[in-house]
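A short write-up of the structure that comes next.
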Amino acid sequence: MAALPLSRWELQNPQQLAELLTTAQTWKEIEALGKAYPDWKREAWELLSPEKREYIQQLKQWKDCPTAQKFPLGCTVERINSTQGLTGEVISYWSAYDIDYVMFRVGPDIDWCRAAFLKKVKAENQSSEN
């Protein structure tokens, strides 16, 4: 008798899959969950809020972008030359003329900066790193 590989996730229903989708930090995690539970994908998607769906779509859109890998959605960033020590949470990206930009939320405001001029202060639920 051959042993079957166990899934990384032992989910019981589409609701649990939807909850796990909302905590994924990379598109690879989303793909792995979809492959592990193909029958629940559609129902789990329907259970997600519009904000969570947008988050997952952004993960897919930017999956191959080095800037998105360096500054994942939700991580905390700071301008390299900041004298005020203001930090923000990454919420989106864009590129223009082969330059990558990062959008981040600083309190109630939204700011943006060239990715080259940012450093990661800490990832979501992780200790400080540069």
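Naming scheme: A, B, ... for chains in displayed order of the structure tokens; residues 1 onward per chain; ligands 1 onward as shown.
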Polymer residues at most 9 Å from Glu78 in chain A, only C-alpha atoms, same-chain spacing of 5 or more positions, as a ChimeraX atom specification = /A:85-88,117-121
Write a file of the just-selected residues containing N, CA and C atoms, as a PDB file, in the first residue's frame.
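Now in result08.pdb:
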```pdb
ATOM      1  N   GLY A  85      10.460  59.130  10.318  1.00  0.00           N
ATOM      2  CA  GLY A  85      10.182  57.773  10.771  1.00  0.00           C
ATOM      3  C   GLY A  85       8.771  57.297  10.484  1.00  0.00           C
ATOM      4  N   LEU A  86       8.108  57.906   9.496  1.00  0.00           N
ATOM      5  CA  LEU A  86       6.760  57.481   9.154  1.00  0.00           C
ATOM      6  C   LEU A  86       6.805  56.171   8.383  1.00  0.00           C
ATOM      7  N   THR A  87       5.924  55.263   8.743  1.00  0.00           N
ATOM      8  CA  THR A  87       5.831  53.978   8.068  1.00  0.00           C
ATOM      9  C   THR A  87       4.429  53.820   7.497  1.00  0.00           C
ATOM     10  N   GLY A  88       4.307  52.919   6.545  1.00  0.00           N
ATOM     11  CA  GLY A  88       3.007  52.667   5.939  1.00  0.00           C
ATOM     12  C   GLY A  88       2.855  51.215   5.540  1.00  0.00           C
ATOM     13  N   PHE A 117      13.481  53.503  -3.351  1.00  0.00           N
ATOM     14  CA  PHE A 117      13.689  54.431  -2.240  1.00  0.00           C
ATOM     15  C   PHE A 117      12.983  53.985  -0.964  1.00  0.00           C
ATOM     16  N   LEU A 118      12.552  52.718  -0.913  1.00  0.00           N
ATOM     17  CA  LEU A 118      11.846  52.179   0.250  1.00  0.00           C
ATOM     18  C   LEU A 118      12.646  51.050   0.889  1.00  0.00           C
ATOM     19  N   LYS A 119      12.373  50.841   2.161  1.00  0.00           N
ATOM     20  CA  LYS A 119      12.891  49.654   2.848  1.00  0.00           C
ATOM     21  C   LYS A 119      11.732  49.027   3.614  1.00  0.00           C
ATOM     22  N   LYS A 120      11.804  47.713   3.747  1.00  0.00           N
ATOM     23  CA  LYS A 120      10.774  46.988   4.497  1.00  0.00           C
ATOM     24  C   LYS A 120      11.135  47.073   5.968  1.00  0.00           C
ATOM     25  N   VAL A 121      10.195  47.570   6.763  1.00  0.00           N
ATOM     26  CA  VAL A 121      10.418  47.691   8.193  1.00  0.00           C
ATOM     27  C   VAL A 121      10.051  46.386   8.877  1.00  0.00           C
TER      28      VAL A 121
END
```
query = Can you list, as an NGL selection string, every residue of chain A that DSSP puts in strand (DSSP E or B)?
reply = :A and (76-79 or 87-96 or 99-106 or 109-114 or 118-122 or 128)
Okay, now the selection with N, CA and C atoms, as a short mmCIF file (atom, residue, chain, number, x, y, z; two decimals), in the first residue's frame?
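Contents of selection05.cif, as written:
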```cif
data_model
loop_
_atom_site.label_atom_id
_atom_site.label_comp_id
_atom_site.auth_asym_id
_atom_site.auth_seq_id
_atom_site.Cartn_x
_atom_site.Cartn_y
_atom_site.Cartn_z
N THR A 76 5.05 46.44 6.10
CA THR A 76 5.28 47.82 6.51
C THR A 76 6.56 48.33 5.89
N VAL A 77 6.46 49.51 5.26
CA VAL A 77 7.61 50.11 4.59
C VAL A 77 7.87 51.51 5.13
N GLU A 78 9.10 51.97 4.88
CA GLU A 78 9.51 53.31 5.26
C GLU A 78 10.44 53.84 4.17
N ARG A 79 10.38 55.13 3.91
CA ARG A 79 11.31 55.73 2.94
C ARG A 79 12.73 55.61 3.51
N THR A 87 5.92 55.26 8.74
CA THR A 87 5.83 53.98 8.07
C THR A 87 4.43 53.82 7.50
N GLY A 88 4.31 52.92 6.55
CA GLY A 88 3.01 52.67 5.94
C GLY A 88 2.86 51.22 5.54
N GLU A 89 1.62 50.82 5.34
CA GLU A 89 1.29 49.44 4.95
C GLU A 89 1.09 49.39 3.44
N VAL A 90 1.81 48.50 2.77
CA VAL A 90 1.74 48.38 1.32
C VAL A 90 0.33 47.94 0.91
N ILE A 91 -0.24 48.70 -0.05
CA ILE A 91 -1.59 48.40 -0.52
C ILE A 91 -1.68 48.15 -2.02
N SER A 92 -0.66 48.59 -2.79
CA SER A 92 -0.72 48.40 -4.24
C SER A 92 0.62 48.76 -4.87
N TYR A 93 0.69 48.57 -6.20
CA TYR A 93 1.90 48.84 -6.96
C TYR A 93 1.51 49.43 -8.31
N TRP A 94 2.47 50.04 -8.98
CA TRP A 94 2.33 50.37 -10.37
C TRP A 94 3.70 50.61 -10.98
N SER A 95 3.77 50.56 -12.29
CA SER A 95 5.03 50.79 -13.01
C SER A 95 4.80 51.84 -14.08
N ALA A 96 5.81 52.67 -14.29
CA ALA A 96 5.79 53.65 -15.36
C ALA A 96 7.21 53.84 -15.85
N ILE A 99 9.96 51.93 -14.17
CA ILE A 99 10.22 52.23 -12.76
C ILE A 99 9.04 51.71 -11.95
N ASP A 100 9.33 50.92 -10.92
CA ASP A 100 8.28 50.37 -10.06
C ASP A 100 8.01 51.30 -8.89
N TYR A 101 6.73 51.48 -8.61
CA TYR A 101 6.29 52.32 -7.50
C TYR A 101 5.46 51.47 -6.54
N VAL A 102 5.46 51.88 -5.27
CA VAL A 102 4.69 51.19 -4.24
C VAL A 102 3.74 52.20 -3.61
N MET A 103 2.48 51.81 -3.48
CA MET A 103 1.50 52.63 -2.77
C MET A 103 1.36 52.06 -1.37
N PHE A 104 1.29 52.95 -0.38
CA PHE A 104 1.16 52.48 0.99
C PHE A 104 0.31 53.45 1.79
N ARG A 105 -0.36 52.90 2.80
CA ARG A 105 -1.25 53.68 3.66
C ARG A 105 -0.48 54.12 4.90
N VAL A 106 -0.49 55.44 5.12
CA VAL A 106 0.13 56.03 6.31
C VAL A 106 -1.00 56.67 7.09
N ASP A 109 -4.02 58.45 5.33
CA ASP A 109 -3.57 58.93 4.02
C ASP A 109 -2.95 57.81 3.20
N ILE A 110 -2.89 58.03 1.89
CA ILE A 110 -2.22 57.11 0.98
C ILE A 110 -1.05 57.85 0.36
N ASP A 111 0.11 57.23 0.37
CA ASP A 111 1.33 57.80 -0.17
C ASP A 111 1.90 56.83 -1.19
N TRP A 112 2.88 57.25 -1.96
CA TRP A 112 3.55 56.38 -2.91
C TRP A 112 5.00 56.82 -3.03
N CYS A 113 5.82 55.88 -3.52
CA CYS A 113 7.25 56.15 -3.62
C CYS A 113 7.85 55.15 -4.59
N ARG A 114 8.96 55.53 -5.21
CA ARG A 114 9.71 54.55 -6.01
C ARG A 114 10.13 53.41 -5.09
N LEU A 118 12.55 52.72 -0.91
CA LEU A 118 11.85 52.18 0.25
C LEU A 118 12.65 51.05 0.89
N LYS A 119 12.37 50.84 2.16
CA LYS A 119 12.89 49.65 2.85
C LYS A 119 11.73 49.03 3.61
N LYS A 120 11.80 47.71 3.75
CA LYS A 120 10.77 46.99 4.50
C LYS A 120 11.13 47.07 5.97
N VAL A 121 10.20 47.57 6.76
CA VAL A 121 10.42 47.69 8.19
C VAL A 121 10.05 46.39 8.88
N LYS A 122 8.90 45.87 8.52
CA LYS A 122 8.50 44.56 9.04
C LYS A 122 7.40 43.99 8.17
N SER A 128 11.01 42.99 13.01
CA SER A 128 11.62 44.00 12.15
C SER A 128 12.71 43.40 11.28
#
```
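Between CA of Arg42 in chain A and CA of Gln12 in chain A there is a distance of 15.3 Å.
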inquiry  = So that I can check the surroundings of Pro72 in chain A, please list as a ChimeraX atom specification every protein, DNA and RNA residue that reaches within 9 Å of it, counting only C-alpha atoms and ignoring chain neighbours fewer than 5 positions away.
reply    = /A:25-26,59,67,90-91,123
query = Could you pull the residues within 10 Å of Asn13 in chain A, counting only C-alpha atoms, minus those fewer than 2 positions along the same chain, as a count of residues only?
reply = 10
query = Any idea what the distance is between CA of Trp27 in chain A and CA of Lys63 in chain A?
reply = 6.0 Å
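Remark: for Pro38 in chain A, the closest of the candidate residues A:Trp62, A:Lys70, A:Pro14, A:Ala115 is A:Pro14 (distances computed over only C-alpha atoms).
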query = Hey, what's within 8 Å of range 19-23 of chain A if we count only C-alpha atoms and toss same-chain stuff fewer than 4 positions away? As number ranges by chain, please?
reply = A: 15, 30, 33, 48, 52, 56
DSSP-assigned helix (DSSP H, G or I) among chain A, expressed as a compact mmCIF listing (two decimals) with N, CA, C and O atoms, in the first residue's frame:
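Printed below is part.txt as written:
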```
# COMPACT_ATOMS: atom_id res chain seq x y z
N PRO A 14 -16.04 24.87 2.60
CA PRO A 14 -15.65 26.05 1.82
C PRO A 14 -15.42 27.30 2.68
O PRO A 14 -14.61 28.16 2.33
N GLN A 15 -16.12 27.41 3.80
CA GLN A 15 -15.92 28.56 4.68
C GLN A 15 -14.49 28.60 5.22
O GLN A 15 -13.88 29.66 5.29
N GLN A 16 -13.97 27.44 5.59
CA GLN A 16 -12.59 27.39 6.08
C GLN A 16 -11.61 27.72 4.96
O GLN A 16 -10.60 28.38 5.20
N LEU A 17 -11.92 27.29 3.74
CA LEU A 17 -11.07 27.64 2.61
C LEU A 17 -11.08 29.15 2.39
O LEU A 17 -10.03 29.76 2.18
N ALA A 18 -12.25 29.76 2.46
CA ALA A 18 -12.35 31.21 2.29
C ALA A 18 -11.52 31.94 3.34
O ALA A 18 -10.82 32.91 3.04
N GLU A 19 -11.58 31.48 4.59
CA GLU A 19 -10.80 32.10 5.66
C GLU A 19 -9.31 31.98 5.39
O GLU A 19 -8.55 32.93 5.58
N LEU A 20 -8.88 30.83 4.91
CA LEU A 20 -7.47 30.62 4.62
C LEU A 20 -7.02 31.46 3.42
O LEU A 20 -5.90 31.98 3.40
N LEU A 21 -7.89 31.62 2.44
CA LEU A 21 -7.56 32.46 1.29
C LEU A 21 -7.28 33.90 1.71
O LEU A 21 -6.42 34.57 1.15
N THR A 22 -8.00 34.37 2.72
CA THR A 22 -7.83 35.77 3.15
C THR A 22 -6.52 35.99 3.90
O THR A 22 -6.10 37.13 4.06
N THR A 23 -5.88 34.91 4.34
CA THR A 23 -4.62 35.06 5.07
C THR A 23 -3.40 34.78 4.18
O THR A 23 -2.27 34.96 4.62
N TRP A 27 0.65 34.58 -4.28
CA TRP A 27 -0.19 33.91 -5.25
C TRP A 27 0.07 32.40 -5.24
O TRP A 27 -0.85 31.61 -5.46
N LYS A 28 1.28 31.98 -4.94
CA LYS A 28 1.59 30.55 -4.86
C LYS A 28 0.72 29.87 -3.80
O LYS A 28 0.26 28.75 -4.00
N GLU A 29 0.49 30.53 -2.68
CA GLU A 29 -0.37 29.97 -1.63
C GLU A 29 -1.80 29.83 -2.15
O GLU A 29 -2.45 28.81 -1.89
N ILE A 30 -2.28 30.84 -2.86
CA ILE A 30 -3.64 30.80 -3.41
C ILE A 30 -3.76 29.63 -4.40
O ILE A 30 -4.74 28.87 -4.35
N GLU A 31 -2.78 29.49 -5.28
CA GLU A 31 -2.80 28.39 -6.24
C GLU A 31 -2.78 27.03 -5.55
O GLU A 31 -3.51 26.12 -5.95
N ALA A 32 -1.96 26.90 -4.53
CA ALA A 32 -1.87 25.62 -3.81
C ALA A 32 -3.21 25.27 -3.15
O ALA A 32 -3.65 24.12 -3.19
N LEU A 33 -3.84 26.28 -2.57
CA LEU A 33 -5.15 26.03 -1.95
C LEU A 33 -6.19 25.63 -3.00
O LEU A 33 -7.00 24.73 -2.77
N GLY A 34 -6.15 26.30 -4.15
CA GLY A 34 -7.09 25.96 -5.23
C GLY A 34 -6.89 24.55 -5.73
O GLY A 34 -7.86 23.84 -6.03
N LYS A 35 -5.64 24.14 -5.83
CA LYS A 35 -5.35 22.77 -6.28
C LYS A 35 -5.74 21.74 -5.23
O LYS A 35 -6.17 20.63 -5.56
N ALA A 36 -5.58 22.09 -3.96
CA ALA A 36 -5.91 21.15 -2.88
C ALA A 36 -7.41 20.98 -2.72
O ALA A 36 -7.87 19.91 -2.32
N PRO A 38 -10.22 21.91 -5.22
CA PRO A 38 -10.83 22.45 -6.44
C PRO A 38 -12.36 22.50 -6.39
O PRO A 38 -12.96 23.39 -7.00
N ASP A 39 -12.99 21.59 -5.68
CA ASP A 39 -14.44 21.56 -5.62
C ASP A 39 -15.03 22.71 -4.81
O ASP A 39 -16.21 23.03 -4.95
N TRP A 40 -14.23 23.32 -3.95
CA TRP A 40 -14.73 24.39 -3.08
C TRP A 40 -14.32 25.79 -3.54
O TRP A 40 -14.71 26.78 -2.94
N LYS A 41 -13.50 25.86 -4.59
CA LYS A 41 -12.97 27.17 -5.01
C LYS A 41 -14.07 28.19 -5.28
O LYS A 41 -14.02 29.31 -4.76
N ARG A 42 -15.03 27.84 -6.08
CA ARG A 42 -16.08 28.78 -6.47
C ARG A 42 -16.90 29.23 -5.25
O ARG A 42 -17.14 30.42 -5.07
N GLU A 43 -17.29 28.30 -4.43
CA GLU A 43 -18.10 28.65 -3.25
C GLU A 43 -17.29 29.50 -2.27
O GLU A 43 -17.81 30.46 -1.71
N ALA A 44 -16.03 29.18 -2.08
CA ALA A 44 -15.17 29.97 -1.19
C ALA A 44 -15.02 31.39 -1.73
O ALA A 44 -15.06 32.36 -0.96
N TRP A 45 -14.85 31.53 -3.05
CA TRP A 45 -14.72 32.86 -3.67
C TRP A 45 -15.97 33.70 -3.40
O TRP A 45 -15.88 34.88 -3.10
N GLU A 46 -17.13 33.07 -3.50
CA GLU A 46 -18.39 33.79 -3.28
C GLU A 46 -18.53 34.25 -1.83
O GLU A 46 -19.22 35.24 -1.56
N LEU A 47 -17.87 33.59 -0.91
CA LEU A 47 -17.94 33.96 0.50
C LEU A 47 -17.03 35.14 0.86
O LEU A 47 -17.17 35.74 1.92
N PRO A 50 -15.72 41.91 -1.14
CA PRO A 50 -15.11 42.54 -2.32
C PRO A 50 -13.66 42.97 -2.08
O PRO A 50 -12.83 42.85 -2.98
N GLU A 51 -13.35 43.42 -0.88
CA GLU A 51 -11.99 43.84 -0.55
C GLU A 51 -11.03 42.66 -0.60
O GLU A 51 -9.91 42.77 -1.10
N LYS A 52 -11.45 41.51 -0.08
CA LYS A 52 -10.59 40.32 -0.08
C LYS A 52 -10.42 39.78 -1.50
O LYS A 52 -9.34 39.31 -1.86
N ARG A 53 -11.46 39.88 -2.32
CA ARG A 53 -11.34 39.46 -3.71
C ARG A 53 -10.32 40.35 -4.44
O ARG A 53 -9.50 39.85 -5.21
N GLU A 54 -10.40 41.64 -4.19
CA GLU A 54 -9.45 42.56 -4.81
C GLU A 54 -8.03 42.26 -4.37
O GLU A 54 -7.10 42.29 -5.18
N TYR A 55 -7.85 41.96 -3.10
CA TYR A 55 -6.53 41.60 -2.57
C TYR A 55 -5.97 40.38 -3.32
O TYR A 55 -4.83 40.38 -3.77
N ILE A 56 -6.79 39.36 -3.50
CA ILE A 56 -6.35 38.14 -4.19
C ILE A 56 -6.06 38.44 -5.66
O ILE A 56 -5.07 37.95 -6.22
N GLN A 57 -6.86 39.28 -6.28
CA GLN A 57 -6.61 39.64 -7.68
C GLN A 57 -5.30 40.42 -7.82
O GLN A 57 -4.58 40.25 -8.80
N GLN A 58 -4.98 41.24 -6.83
CA GLN A 58 -3.70 41.95 -6.87
C GLN A 58 -2.53 40.97 -6.71
O GLN A 58 -1.50 41.12 -7.36
N LEU A 59 -2.69 39.97 -5.83
CA LEU A 59 -1.64 38.96 -5.70
C LEU A 59 -1.38 38.30 -7.05
O LEU A 59 -0.23 38.09 -7.43
N LYS A 60 -2.45 37.98 -7.77
CA LYS A 60 -2.30 37.34 -9.07
C LYS A 60 -1.65 38.29 -10.08
O LYS A 60 -0.74 37.91 -10.81
N GLN A 61 -2.12 39.53 -10.11
CA GLN A 61 -1.62 40.50 -11.08
C GLN A 61 -0.12 40.75 -10.92
O GLN A 61 0.61 40.89 -11.89
N PRO A 66 9.24 41.61 -9.18
CA PRO A 66 10.23 41.59 -8.09
C PRO A 66 9.90 42.58 -6.96
O PRO A 66 10.14 42.29 -5.80
N THR A 67 9.32 43.72 -7.31
CA THR A 67 8.96 44.70 -6.28
C THR A 67 7.90 44.13 -5.35
O THR A 67 7.96 44.32 -4.14
N ALA A 68 6.92 43.44 -5.91
CA ALA A 68 5.88 42.83 -5.08
C ALA A 68 6.43 41.71 -4.22
O ALA A 68 5.93 41.46 -3.11
N GLN A 69 7.48 41.05 -4.69
CA GLN A 69 8.12 40.01 -3.88
C GLN A 69 8.90 40.65 -2.73
O GLN A 69 8.90 40.13 -1.61
N LYS A 70 9.55 41.76 -3.00
CA LYS A 70 10.34 42.44 -1.97
C LYS A 70 9.47 43.15 -0.95
O LYS A 70 9.78 43.17 0.24
N ALA A 115 10.01 52.22 -5.59
CA ALA A 115 10.38 51.05 -4.80
C ALA A 115 11.84 51.12 -4.37
O ALA A 115 12.20 50.70 -3.27
N ALA A 116 12.69 51.68 -5.21
CA ALA A 116 14.13 51.76 -4.91
C ALA A 116 14.42 52.65 -3.71
O ALA A 116 15.49 52.55 -3.11
N PHE A 117 13.48 53.50 -3.35
CA PHE A 117 13.69 54.43 -2.24
C PHE A 117 12.98 53.99 -0.96
O PHE A 117 12.81 54.78 -0.04
```
